>>> print(open('start-v4.csv').read())   # CSV, C-alpha atoms
chain,number,residue,atom,x,y,z
E,20,MET,CA,-38.5,51.1,66.0
E,21,SER,CA,-39.4,54.2,63.9
E,22,SER,CA,-38.8,54.5,60.2
E,23,SER,CA,-36.3,56.9,58.8
E,24,HIS,CA,-37.4,60.5,58.8
E,25,PRO,CA,-39.6,61.2,55.7
E,26,SER,CA,-37.4,64.2,54.8
E,27,ASP,CA,-34.2,62.2,54.8
E,28,VAL,CA,-32.6,62.6,51.3
E,29,ALA,CA,-30.9,60.2,49.0
E,30,GLU,CA,-27.2,59.7,49.1
E,31,THR,CA,-25.4,62.2,46.8
E,32,ARG,CA,-22.6,60.0,45.5
E,33,GLU,CA,-22.5,56.5,44.0
E,34,LEU,CA,-22.2,53.9,46.6
E,35,ALA,CA,-21.4,50.2,46.2
E,36,PRO,CA,-24.4,47.8,46.4
E,37,TYR,CA,-23.0,46.4,49.7
E,38,ALA,CA,-22.8,49.9,51.3
E,39,CYS,CA,-25.3,51.1,53.8
E,40,HIS,CA,-27.7,53.7,52.4
E,41,GLY,CA,-29.1,56.3,54.8
E,42,PRO,CA,-32.7,56.5,53.5
E,43,LYS,CA,-32.8,52.6,53.7
E,44,SER,CA,-31.8,52.7,57.3
E,45,ARG,CA,-33.7,50.4,59.8
E,46,GLY,CA,-34.6,53.6,61.5
E,47,ARG,CA,-34.3,55.1,65.0
E,48,LEU,CA,-35.6,53.8,68.3
E,49,HIS,CA,-37.8,56.9,68.9
E,50,ALA,CA,-40.0,58.6,66.4
E,51,GLU,CA,-39.1,62.2,65.8
E,52,THR,CA,-41.7,64.8,64.9
E,53,GLN,CA,-40.5,67.3,62.3
E,54,ARG,CA,-40.9,71.0,63.1
E,55,PRO,CA,-41.8,73.3,60.2
E,56,ASP,CA,-38.5,75.2,60.7
E,57,GLU,CA,-36.6,72.0,60.3
E,58,ALA,CA,-37.9,71.0,56.9
E,59,SER,CA,-35.2,72.7,54.7
E,60,GLN,CA,-32.4,71.7,57.0
E,61,LEU,CA,-33.4,68.0,57.2
E,62,ALA,CA,-33.9,68.0,53.4
E,63,SER,CA,-30.1,68.6,53.0
E,64,ARG,CA,-28.8,65.9,55.4
E,65,THR,CA,-29.0,62.1,55.2
E,66,PRO,CA,-29.7,60.0,58.4
E,67,PHE,CA,-26.0,59.2,58.9
E,68,GLN,CA,-25.0,62.8,58.5
E,69,ARG,CA,-27.4,63.7,61.2
E,70,ASP,CA,-25.9,61.0,63.4
E,71,ARG,CA,-22.4,62.3,62.9
E,72,ASP,CA,-23.6,65.9,63.7
E,73,ARG,CA,-25.3,64.8,66.9
E,74,ILE,CA,-22.2,63.0,68.1
E,75,LEU,CA,-20.0,66.0,67.3
E,76,HIS,CA,-22.3,68.3,69.3
E,77,SER,CA,-22.6,66.0,72.3
E,78,SER,CA,-21.1,66.9,75.6
E,79,ALA,CA,-19.4,63.5,75.8
E,80,PHE,CA,-17.5,64.2,72.6
E,81,ARG,CA,-16.4,67.6,73.9
E,82,LYS,CA,-15.0,66.0,77.0
E,83,LEU,CA,-12.7,63.8,75.0
E,84,LYS,CA,-10.5,66.8,74.6
E,85,HIS,CA,-9.2,66.3,78.1
E,86,LYS,CA,-9.3,62.5,78.3
E,87,THR,CA,-6.2,60.4,78.2
E,88,GLN,CA,-5.0,58.5,75.1
E,89,VAL,CA,-1.7,57.4,76.6
E,90,PHE,CA,-0.5,60.6,78.3
E,91,VAL,CA,-2.5,62.6,80.9
E,92,TYR,CA,-3.4,66.1,79.6
E,93,HIS,CA,-0.9,67.9,81.8
E,94,GLU,CA,2.1,65.9,80.6
E,95,GLY,CA,2.2,67.9,77.3
E,96,ASP,CA,0.0,69.8,74.9
E,97,TYR,CA,1.4,68.0,71.9
E,98,PHE,CA,0.4,64.4,72.9
E,99,ARG,CA,-2.8,63.0,71.5
E,100,THR,CA,-6.0,62.9,73.5
E,101,ARG,CA,-9.1,60.8,73.0
E,102,MET,CA,-10.6,63.6,70.9
E,103,THR,CA,-7.6,64.0,68.5
E,104,HIS,CA,-7.4,60.2,68.3
E,105,SER,CA,-11.1,60.0,67.4
E,106,ILE,CA,-10.7,62.7,64.7
E,107,GLU,CA,-7.7,60.9,63.2
E,108,VAL,CA,-9.6,57.6,63.2
E,109,ALA,CA,-12.5,59.3,61.4
E,110,GLN,CA,-10.2,60.8,58.8
E,111,ILE,CA,-8.5,57.5,58.0
E,112,ALA,CA,-11.8,55.6,58.0
E,113,ARG,CA,-13.6,58.2,55.8
E,114,SER,CA,-10.8,58.1,53.2
E,115,MET,CA,-10.8,54.3,53.0
E,116,ALA,CA,-14.6,54.3,52.8
E,117,ARG,CA,-14.5,56.5,49.7
E,118,ALA,CA,-12.0,54.2,48.1
E,119,LEU,CA,-14.3,51.2,48.6
E,120,ARG,CA,-17.4,53.1,47.8
E,121,LEU,CA,-18.8,52.6,51.3
E,122,ASN,CA,-20.9,55.1,53.1
E,123,ASP,CA,-18.3,57.6,54.5
E,124,ASP,CA,-20.9,59.4,56.6
E,125,LEU,CA,-21.7,56.2,58.5
E,126,VAL,CA,-18.0,55.3,58.9
E,127,GLU,CA,-17.3,58.8,60.3
E,128,ALA,CA,-20.2,58.6,62.7
E,129,VAL,CA,-19.0,55.2,64.1
E,130,ALA,CA,-15.4,56.4,64.3
E,131,LEU,CA,-16.3,59.6,66.1
E,132,ALA,CA,-18.5,57.7,68.6
E,133,HIS,CA,-16.3,54.7,69.3
E,134,ASP,CA,-14.5,56.1,72.4
E,135,LEU,CA,-17.3,58.2,74.0
E,136,GLY,CA,-17.5,55.8,76.9
E,137,HIS,CA,-13.9,56.1,78.0
E,138,THR,CA,-13.2,57.0,81.6
E,139,PRO,CA,-10.7,59.7,82.6
E,140,PHE,CA,-7.1,58.4,82.4
E,141,GLY,CA,-7.9,56.0,79.6
E,142,HIS,CA,-7.5,52.3,80.3
E,143,ALA,CA,-6.1,53.0,83.7
E,144,GLY,CA,-9.3,54.6,84.8
E,145,GLU,CA,-11.3,51.8,83.1
E,146,ASP,CA,-9.3,49.1,85.0
E,147,ALA,CA,-9.9,50.9,88.3
E,148,LEU,CA,-13.6,51.2,87.7
E,149,GLN,CA,-13.8,47.6,86.5
E,150,SER,CA,-12.1,46.5,89.7
E,151,ARG,CA,-14.6,48.4,91.9
E,152,MET,CA,-17.6,47.5,89.8
E,153,ALA,CA,-16.8,43.8,89.6
E,154,GLU,CA,-19.5,42.9,92.2
E,155,PHE,CA,-22.0,45.3,90.6
E,156,GLY,CA,-22.0,44.1,87.0
E,157,GLY,CA,-18.5,45.3,86.0
E,158,PHE,CA,-17.5,48.2,83.7
E,159,ASP,CA,-16.5,48.2,80.1
E,160,HIS,CA,-15.8,51.3,78.0
E,161,ASN,CA,-17.5,50.0,74.9
E,162,GLU,CA,-20.7,49.2,76.9
E,163,GLN,CA,-20.4,52.7,78.4
E,164,THR,CA,-20.3,54.2,74.9
E,165,VAL,CA,-23.7,52.5,74.2
E,166,ARG,CA,-25.0,53.9,77.5
E,167,VAL,CA,-23.9,57.4,76.6
E,168,LEU,CA,-25.5,57.2,73.1
E,169,THR,CA,-28.8,55.7,74.3
E,170,SER,CA,-29.4,57.2,77.7
E,171,LEU,CA,-26.7,59.3,79.5
E,172,GLU,CA,-26.7,62.1,76.9
E,173,GLN,CA,-29.8,64.0,78.1
E,174,ARG,CA,-30.1,67.0,75.8
E,175,TYR,CA,-33.2,66.4,73.7
E,176,ALA,CA,-36.7,67.2,74.8
E,177,GLY,CA,-38.3,64.0,73.3
E,178,PHE,CA,-35.9,61.3,74.3
E,179,ASP,CA,-32.8,60.3,76.3
E,180,GLY,CA,-29.6,59.6,74.4
E,181,LEU,CA,-28.9,60.8,70.8
E,182,ASN,CA,-31.5,58.5,69.1
E,183,LEU,CA,-29.1,57.4,66.5
E,184,THR,CA,-29.9,55.2,63.6
E,185,TRP,CA,-29.8,51.4,63.9
E,186,GLU,CA,-26.7,51.2,61.7
E,187,THR,CA,-24.6,53.6,63.8
E,188,LEU,CA,-25.6,51.8,67.0
E,189,GLU,CA,-24.7,48.5,65.4
E,190,GLY,CA,-21.2,49.8,64.6
E,191,VAL,CA,-20.7,50.8,68.2
E,192,CYS,CA,-22.2,47.7,69.8
E,193,LYS,CA,-20.1,45.4,67.5
E,194,HIS,CA,-17.0,47.5,67.6
E,195,ASN,CA,-15.0,44.4,68.3
E,196,GLY,CA,-17.1,42.1,66.1
E,197,PRO,CA,-20.2,39.9,66.5
E,198,PHE,CA,-21.2,38.2,69.7
E,199,ALA,CA,-20.8,34.6,68.7
E,200,GLY,CA,-22.0,31.5,70.6
E,201,ASP,CA,-21.9,31.9,74.4
E,202,ALA,CA,-20.0,35.2,74.3
E,203,PRO,CA,-21.2,37.3,77.2
E,204,VAL,CA,-23.3,40.4,76.2
E,205,ARG,CA,-22.9,43.4,78.5
E,206,PRO,CA,-26.3,44.5,80.0
E,207,ALA,CA,-26.6,47.9,78.2
E,208,ILE,CA,-26.0,46.2,74.9
E,209,ALA,CA,-28.4,43.4,75.8
E,210,ALA,CA,-31.0,46.0,76.7
E,211,ILE,CA,-30.8,47.9,73.4
E,212,ASP,CA,-30.9,44.5,71.6
E,213,VAL,CA,-34.2,43.7,73.2
E,214,GLU,CA,-35.6,47.1,72.1
E,215,PHE,CA,-33.9,47.3,68.7
E,216,ASP,CA,-32.8,43.8,67.6
E,217,MET,CA,-29.2,44.6,67.0
E,218,ARG,CA,-28.6,41.1,65.4
E,219,LEU,CA,-25.6,40.6,67.7
E,220,ALA,CA,-24.6,37.3,66.2
E,221,ASP,CA,-24.2,38.7,62.7
E,222,HIS,CA,-21.1,40.6,61.6
E,223,PRO,CA,-21.5,44.3,61.5
E,224,SER,CA,-21.7,46.4,58.2
E,225,ALA,CA,-18.6,46.9,56.1
E,226,GLU,CA,-18.6,50.5,57.4
E,227,ALA,CA,-18.4,49.3,61.0
E,228,GLN,CA,-15.6,46.8,60.2
E,229,LEU,CA,-13.7,49.5,58.5
E,230,ALA,CA,-14.0,52.0,61.4
E,231,ASN,CA,-12.8,49.4,63.8
E,232,LEU,CA,-9.6,48.7,61.8
E,233,ALA,CA,-9.0,52.4,61.2
E,234,ASP,CA,-8.8,52.7,65.0
E,235,ASP,CA,-5.9,50.2,64.9
E,236,ILE,CA,-4.2,52.0,62.0
E,237,ALA,CA,-4.4,55.3,63.9
E,238,TYR,CA,-3.1,54.3,67.2
E,239,LEU,CA,-0.4,51.9,66.0
E,240,SER,CA,1.0,54.7,63.8
E,241,HIS,CA,0.5,57.8,65.9
E,242,ASP,CA,1.8,56.1,69.1
E,243,PHE,CA,5.2,56.0,67.5
E,244,ASP,CA,5.0,59.8,67.2
E,245,ASP,CA,4.0,60.3,70.9
E,246,GLY,CA,6.4,57.7,72.2
E,247,LEU,CA,9.4,59.2,70.4
E,248,ARG,CA,8.4,62.7,71.5
E,249,ALA,CA,8.2,61.5,75.1
E,250,ASP,CA,11.6,59.8,74.9
E,251,LEU,CA,10.2,56.4,75.8
E,252,PHE,CA,12.2,54.9,72.9
E,253,THR,CA,14.4,56.2,70.1
E,254,ILE,CA,14.4,55.8,66.3
E,255,ASN,CA,17.2,53.2,66.7
E,256,ASP,CA,15.0,51.2,69.0
E,257,ILE,CA,12.4,50.8,66.2
E,258,ARG,CA,14.6,50.3,63.2
E,259,ASP,CA,14.2,46.6,63.1
E,260,LEU,CA,10.4,46.5,63.4
E,261,PRO,CA,8.6,45.1,60.3
E,262,GLN,CA,7.6,47.7,57.8
E,263,VAL,CA,9.3,50.4,59.9
E,264,ASP,CA,12.7,49.1,58.8
E,265,SER,CA,12.1,49.4,55.1
E,266,ILE,CA,10.4,52.8,55.4
E,267,LEU,CA,13.3,54.3,57.4
E,268,ALA,CA,15.8,52.9,54.8
E,269,GLU,CA,13.8,54.6,52.0
E,270,ILE,CA,13.6,57.9,53.8
E,271,THR,CA,17.3,57.9,54.5
E,272,LYS,CA,18.1,57.0,50.9
E,273,THR,CA,16.0,59.8,49.5
E,274,TYR,CA,16.6,62.6,52.1
E,275,GLY,CA,19.7,61.6,54.0
E,276,ASP,CA,19.8,62.4,57.7
E,277,LEU,CA,16.7,64.3,58.8
E,278,PRO,CA,16.0,66.0,62.1
E,279,VAL,CA,14.0,63.6,64.2
E,280,GLU,CA,10.8,65.6,64.0
E,281,ARG,CA,10.8,65.5,60.2
E,282,LEU,CA,11.9,61.8,60.1
E,283,THR,CA,9.1,60.9,62.6
E,284,HIS,CA,6.4,62.6,60.6
E,285,GLU,CA,7.6,61.0,57.3
E,286,LEU,CA,7.7,57.6,59.0
E,287,ILE,CA,4.1,58.0,60.3
E,288,ARG,CA,2.6,59.2,57.1
E,289,ARG,CA,4.2,56.4,55.2
E,290,LEU,CA,3.1,53.8,57.7
E,291,ILE,CA,-0.5,55.0,57.5
E,292,SER,CA,-0.3,54.8,53.7
E,293,LEU,CA,1.1,51.3,53.8
E,294,PHE,CA,-1.5,50.0,56.3
E,295,VAL,CA,-4.3,51.7,54.3
E,296,GLY,CA,-3.1,50.3,51.0
E,297,ASP,CA,-2.9,46.8,52.4
E,298,MET,CA,-6.4,46.9,53.9
E,299,LEU,CA,-7.9,48.3,50.7
E,300,ALA,CA,-6.2,45.6,48.5
E,301,GLN,CA,-7.2,42.8,50.9
E,302,SER,CA,-10.7,44.0,51.4
E,303,SER,CA,-11.3,44.3,47.6
E,304,THR,CA,-10.0,40.8,47.2
E,305,ASN,CA,-12.4,39.5,50.0
E,306,LEU,CA,-15.3,41.3,48.4
E,307,ALA,CA,-14.6,39.7,45.0
E,308,GLU,CA,-14.0,36.2,46.4
E,309,ILE,CA,-17.3,36.1,48.3
E,310,GLY,CA,-19.2,37.8,45.5
E,311,VAL,CA,-20.8,40.4,47.9
E,312,THR,CA,-23.7,42.2,46.3
E,313,SER,CA,-25.6,43.5,49.4
E,314,VAL,CA,-25.3,44.7,52.9
E,315,GLU,CA,-26.9,41.5,54.0
E,316,ASP,CA,-24.1,39.5,52.3
E,317,ILE,CA,-21.6,41.4,54.5
E,318,ARG,CA,-23.5,40.6,57.7
E,319,THR,CA,-24.0,36.9,57.0
E,320,ALA,CA,-20.6,36.2,55.4
E,321,GLY,CA,-19.4,34.3,58.4
E,322,ARG,CA,-16.2,36.2,58.6
E,323,PRO,CA,-15.0,39.8,58.4
E,324,ILE,CA,-14.8,41.2,54.9
E,325,ILE,CA,-12.7,44.3,55.7
E,326,GLY,CA,-9.3,43.4,56.9
E,327,PHE,CA,-5.5,43.2,56.4
E,328,SER,CA,-3.5,40.6,54.6
E,329,SER,CA,-2.3,37.8,56.9
E,330,ALA,CA,1.3,39.0,56.5
E,331,MET,CA,0.4,42.6,57.4
E,332,ALA,CA,-1.7,41.4,60.3
E,333,ASP,CA,1.4,39.6,61.6
E,334,ASP,CA,3.5,42.7,61.2
E,335,LEU,CA,0.9,44.8,63.0
E,336,GLU,CA,0.9,42.3,65.9
E,337,THR,CA,4.7,42.6,66.2
E,338,ILE,CA,4.4,46.4,66.3
E,339,ARG,CA,1.6,46.2,68.9
E,340,ASN,CA,3.8,44.0,71.1
E,341,PHE,CA,6.6,46.5,70.8
E,342,LEU,CA,4.4,49.4,71.8
E,343,PHE,CA,2.9,47.4,74.7
E,344,THR,CA,6.3,46.7,76.2
E,345,ASN,CA,8.1,49.9,75.4
E,346,MET,CA,5.3,52.5,75.6
E,347,TRP,CA,2.1,51.4,77.2
E,348,ARG,CA,3.9,49.6,80.0
E,349,HIS,CA,6.9,51.9,80.2
E,350,TYR,CA,7.7,52.7,83.8
E,351,LYS,CA,7.0,56.4,83.3
E,352,VAL,CA,3.6,55.6,82.0
E,353,ASN,CA,3.1,53.0,84.7
E,354,ARG,CA,3.7,55.6,87.4
E,355,MET,CA,1.0,57.9,86.0
E,356,THR,CA,-1.3,54.8,85.5
E,357,SER,CA,-0.8,53.9,89.2
E,358,LYS,CA,-1.6,57.4,90.3
E,359,ALA,CA,-4.7,57.5,88.0
E,360,LYS,CA,-6.0,54.2,89.4
E,361,ARG,CA,-5.7,55.6,92.9
E,362,VAL,CA,-7.7,58.7,92.0
E,363,VAL,CA,-10.5,56.7,90.4
E,364,THR,CA,-10.6,54.1,93.2
E,365,ASP,CA,-10.6,56.8,96.0
E,366,LEU,CA,-13.4,58.7,94.3
E,367,PHE,CA,-15.6,55.6,93.9
E,368,ASP,CA,-15.1,54.4,97.4
E,369,LEU,CA,-15.8,57.8,98.9
E,370,PHE,CA,-19.0,58.3,96.8
E,371,MET,CA,-20.2,54.8,97.7
E,372,SER,CA,-19.8,55.4,101.5
E,373,GLU,CA,-20.7,59.1,101.5
E,374,THR,CA,-23.3,59.7,98.8
E,375,ASN,CA,-24.0,63.2,100.1
E,376,THR,CA,-20.7,64.3,98.7
E,377,LEU,CA,-21.9,63.8,95.1
E,378,PRO,CA,-23.0,66.9,93.2
E,379,THR,CA,-26.7,67.5,93.5
E,380,GLY,CA,-27.5,66.5,90.0
E,381,TRP,CA,-26.0,63.0,90.7
E,382,GLN,CA,-27.8,62.3,93.9
E,383,SER,CA,-30.8,60.8,92.2
E,384,ARG,CA,-31.8,58.8,89.1
E,385,ASP,CA,-35.2,58.9,87.4
E,386,GLY,CA,-36.6,60.7,90.5
E,387,VAL,CA,-35.3,58.2,93.0
E,388,ALA,CA,-32.8,59.4,95.6
E,389,ILE,CA,-29.5,57.6,95.4
E,390,ASP,CA,-29.8,56.2,98.9
E,391,ASP,CA,-33.1,54.6,98.0
E,392,LEU,CA,-31.6,52.9,95.0
E,393,GLU,CA,-30.6,49.2,95.1
E,394,VAL,CA,-26.8,49.1,95.8
E,395,VAL,CA,-26.1,47.8,92.2
E,396,ASP,CA,-27.9,50.8,90.7
E,397,ARG,CA,-26.2,53.2,93.2
E,398,ALA,CA,-22.8,51.8,92.1
E,399,ARG,CA,-23.8,52.2,88.4
E,400,LEU,CA,-24.8,55.8,88.9
E,401,ILE,CA,-21.5,56.6,90.6
E,402,ALA,CA,-19.6,54.8,87.9
E,403,ASP,CA,-21.5,56.9,85.3
E,404,TYR,CA,-20.4,60.0,87.1
E,405,ILE,CA,-16.8,59.1,87.3
E,406,ALA,CA,-16.7,57.8,83.7
E,407,SER,CA,-18.1,61.2,82.6
E,408,MET,CA,-15.2,63.1,84.1
E,409,THR,CA,-12.2,64.5,82.2
E,410,ASP,CA,-8.7,63.8,83.5
E,411,ARG,CA,-8.4,67.3,85.0
E,412,TYR,CA,-11.9,67.3,86.6
E,413,ALA,CA,-11.2,63.9,88.2
E,414,MET,CA,-7.9,65.2,89.7
E,415,LEU,CA,-9.7,68.4,90.9
E,416,GLU,CA,-12.5,66.3,92.5
E,417,HIS,CA,-9.8,64.2,94.2
E,418,GLN,CA,-8.1,67.4,95.4
E,419,ARG,CA,-11.3,68.8,96.7
E,420,LEU,CA,-12.2,65.7,98.6
E,421,PHE,CA,-8.9,64.3,99.9
E,422,GLU,CA,-6.4,67.1,100.3
E,423,PRO,CA,-6.5,69.2,103.5
E,424,GLY,CA,-7.0,72.9,103.1
E,425,PRO,CA,-9.9,75.1,101.8
E,426,ILE,CA,-12.6,73.5,99.6
E,427,LEU,CA,-11.9,74.4,96.0
E,428,ARG,CA,-14.8,75.4,93.9
>>> encode(input="start-v4.csv", output="structure tokens")
Amino acid sequence: MSSSHPSDVAETRELAPYACHGPKSRGRLHAETQRPDEASQLASRTPFQRDRDRILHSSAFRKLKHKTQVFVYHEGDYFRTRMTHSIEVAQIARSMARALRLNDDLVEAVALAHDLGHTPFGHAGEDALQSRMAEFGGFDHNEQTVRVLTSLEQRYAGFDGLNLTWETLEGVCKHNGPFAGDAPVRPAIAAIDVEFDMRLADHPSAEAQLANLADDIAYLSHDFDDGLRADLFTINDIRDLPQVDSILAEITKTYGDLPVERLTHELIRRLISLFVGDMLAQSSTNLAEIGVTSVEDIRTAGRPIIGFSSAMADDLETIRNFLFTNMWRHYKVNRMTSKAKRVVTDLFDLFMSETNTLPTGWQSRDGVAIDDLEVVDRARLIADYIASMTDRYAMLEHQRLFEPGPILR
């Protein structure tokens, strides 16, 4: 493990003692040599700002523009994609981090990176790849994010991956919390743990915990917007949901009957404010109760420090159950999900049986031809290729390979 870059500057605002400080980072896996022309630029950025910038400039982040959140890109320009979702998560997380005096740059980096490993077609594509990869080690989008950040992004001359700080990688590896007891650890995460000691049994930093819950706030709020616009349910269908009921009553009392577009926007912004306010209040209470005075106290607290009140957590679960039934498993979404799974499954099966149909750049790994790889490694290479696709590229590849007619370029 290398130390932080000697030109990394101090944080420019007052952070809480339990916040992560960039210049105190545990460093990066690969040492980086500073060029003379980098000196002034590096002197103006902290390590976590550099992490955020590397994520934003990665090819994996650009591809999120055309990767499914709930709706495939061609179903409408208005619906959220993985990119817009990630930006919304980062905004919510950064605002909360400032309120708690946490490191908003680290929070933003983790939030922007958290979905980089998603396949085309969202969870439908992931389910299809997991099914086909079951006998070859499986597939998990969070593990794939780690692979993207540590090896699959190949842009820098001196190393594979983005060579992010330990703290940013920790936030991604423990996106769903620590690996306790006998909990299985995916191979890519286990590999980086061997090299970098990710302390997988400890809780992640407060910044990582916050980014994870900001993800929940973003999709549980904004999916109402997308679901209403897609006519999967109506305002009347959600009037009795906890928190939604009182907010809609307040809006009607103040503004009377509003057009559905204005009503929806007002509902969403108030929901986000409500969720954020509850998390800030509960997290502040938790910090005070435990007497947290350092980052180490956060990691060894034995329970999450950043969180919702129990009442709000119950309400969020009710909202999640409603969206699961009425949106994520709506028959219209199921139809696209079914089609998406067939596309991914067809591509995987064809590439496994006819490796010569893969693009030239994907017919070898580390100088070894794909047909000379062990079958497990061959399957992983193919899964990496499919996972890297956008929705539209996957559909175009499927069209090229399965539909009769001229070969499309």
>>> atom_distance(input="start-v4.csv", atom1="atom CA of E:Gly157", atom2="atom CA of E:Arg101")
22.3 Å
>>> closest_residue(input="start-v4.csv", among="E:Phe370, E:Phe155, E:Phe80, E:Tyr37", to="E:His417", atoms="only C-alpha atoms")
E:Phe370
>>> residues_around(input="start-v4.csv", residues="E:Leu119", least_positions_apart="5", cutoff="8 Å", atoms="all atoms listed in the file", output="list in words")
Ala35, Leu299 and Ser303 of chain E
>>> closest_residue(input="start-v4.csv", among="E:Thr319, E:Gln110, E:Gln68, E:Ser313", to="E:Ala230", atoms="all atoms listed in the file")
E:Gln110
>>> closest_residue(input="start-v4.csv", among="E:Thr283, E:Gln228, E:Ser265, E:Ser357", to="E:Phe327", atoms="only C-alpha atoms")
E:Gln228
>>> closest_residue(input="start-v4.csv", among="E:Ala388, E:Ala359, E:Leu377, E:Val394", to="E:Leu148", atoms="only C-alpha atoms")
E:Ala359
>>> residues_around(input="start-v4.csv", residues="stretch 178-192 of chain E", least_positions_apart="3", cutoff="7 Å", atoms="only C-alpha atoms", output="list in words")
Ser44, Arg45, Gly46, Arg47, Leu48, His49, Asp70, Arg73, Leu125, Ala128, Val129, His133, Val165, Val167, Leu168, Thr169, Ser170, Leu171, Glu172, Gln173, Tyr175, Ile208, Met217, Pro223 and Ala227 of chain E
>>> residues_around(input="start-v4.csv", residues="E:His160", least_positions_apart="5", cutoff="12 Å", atoms="all atoms listed in the file", output="VMD selection string")
chain E and resid 132 to 139 141 to 149 165 to 167 191 to 192 194 to 195 205 207 to 208 402 to 403 406 to 407
>>> write_last_selection(input="start-v4.csv", atoms="C-alpha atoms", output="PDB file, keeping the file's coordinate frame")
ATOM      1  CA  ALA E 132     -18.500  57.700  68.600  1.00  0.00           C
ATOM      2  CA  HIS E 133     -16.300  54.700  69.300  1.00  0.00           C
ATOM      3  CA  ASP E 134     -14.500  56.100  72.400  1.00  0.00           C
ATOM      4  CA  LEU E 135     -17.300  58.200  74.000  1.00  0.00           C
ATOM      5  CA  GLY E 136     -17.500  55.800  76.900  1.00  0.00           C
ATOM      6  CA  HIS E 137     -13.900  56.100  78.000  1.00  0.00           C
ATOM      7  CA  THR E 138     -13.200  57.000  81.600  1.00  0.00           C
ATOM      8  CA  PRO E 139     -10.700  59.700  82.600  1.00  0.00           C
ATOM      9  CA  GLY E 141      -7.900  56.000  79.600  1.00  0.00           C
ATOM     10  CA  HIS E 142      -7.500  52.300  80.300  1.00  0.00           C
ATOM     11  CA  ALA E 143      -6.100  53.000  83.700  1.00  0.00           C
ATOM     12  CA  GLY E 144      -9.300  54.600  84.800  1.00  0.00           C
ATOM     13  CA  GLU E 145     -11.300  51.800  83.100  1.00  0.00           C
ATOM     14  CA  ASP E 146      -9.300  49.100  85.000  1.00  0.00           C
ATOM     15  CA  ALA E 147      -9.900  50.900  88.300  1.00  0.00           C
ATOM     16  CA  LEU E 148     -13.600  51.200  87.700  1.00  0.00           C
ATOM     17  CA  GLN E 149     -13.800  47.600  86.500  1.00  0.00           C
ATOM     18  CA  VAL E 165     -23.700  52.500  74.200  1.00  0.00           C
ATOM     19  CA  ARG E 166     -25.000  53.900  77.500  1.00  0.00           C
ATOM     20  CA  VAL E 167     -23.900  57.400  76.600  1.00  0.00           C
ATOM     21  CA  VAL E 191     -20.700  50.800  68.200  1.00  0.00           C
ATOM     22  CA  CYS E 192     -22.200  47.700  69.800  1.00  0.00           C
ATOM     23  CA  HIS E 194     -17.000  47.500  67.600  1.00  0.00           C
ATOM     24  CA  ASN E 195     -15.000  44.400  68.300  1.00  0.00           C
ATOM     25  CA  ARG E 205     -22.900  43.400  78.500  1.00  0.00           C
ATOM     26  CA  ALA E 207     -26.600  47.900  78.200  1.00  0.00           C
ATOM     27  CA  ILE E 208     -26.000  46.200  74.900  1.00  0.00           C
ATOM     28  CA  ALA E 402     -19.600  54.800  87.900  1.00  0.00           C
ATOM     29  CA  ASP E 403     -21.500  56.900  85.300  1.00  0.00           C
ATOM     30  CA  ALA E 406     -16.700  57.800  83.700  1.00  0.00           C
ATOM     31  CA  SER E 407     -18.100  61.200  82.600  1.00  0.00           C
TER      32      SER E 407
END
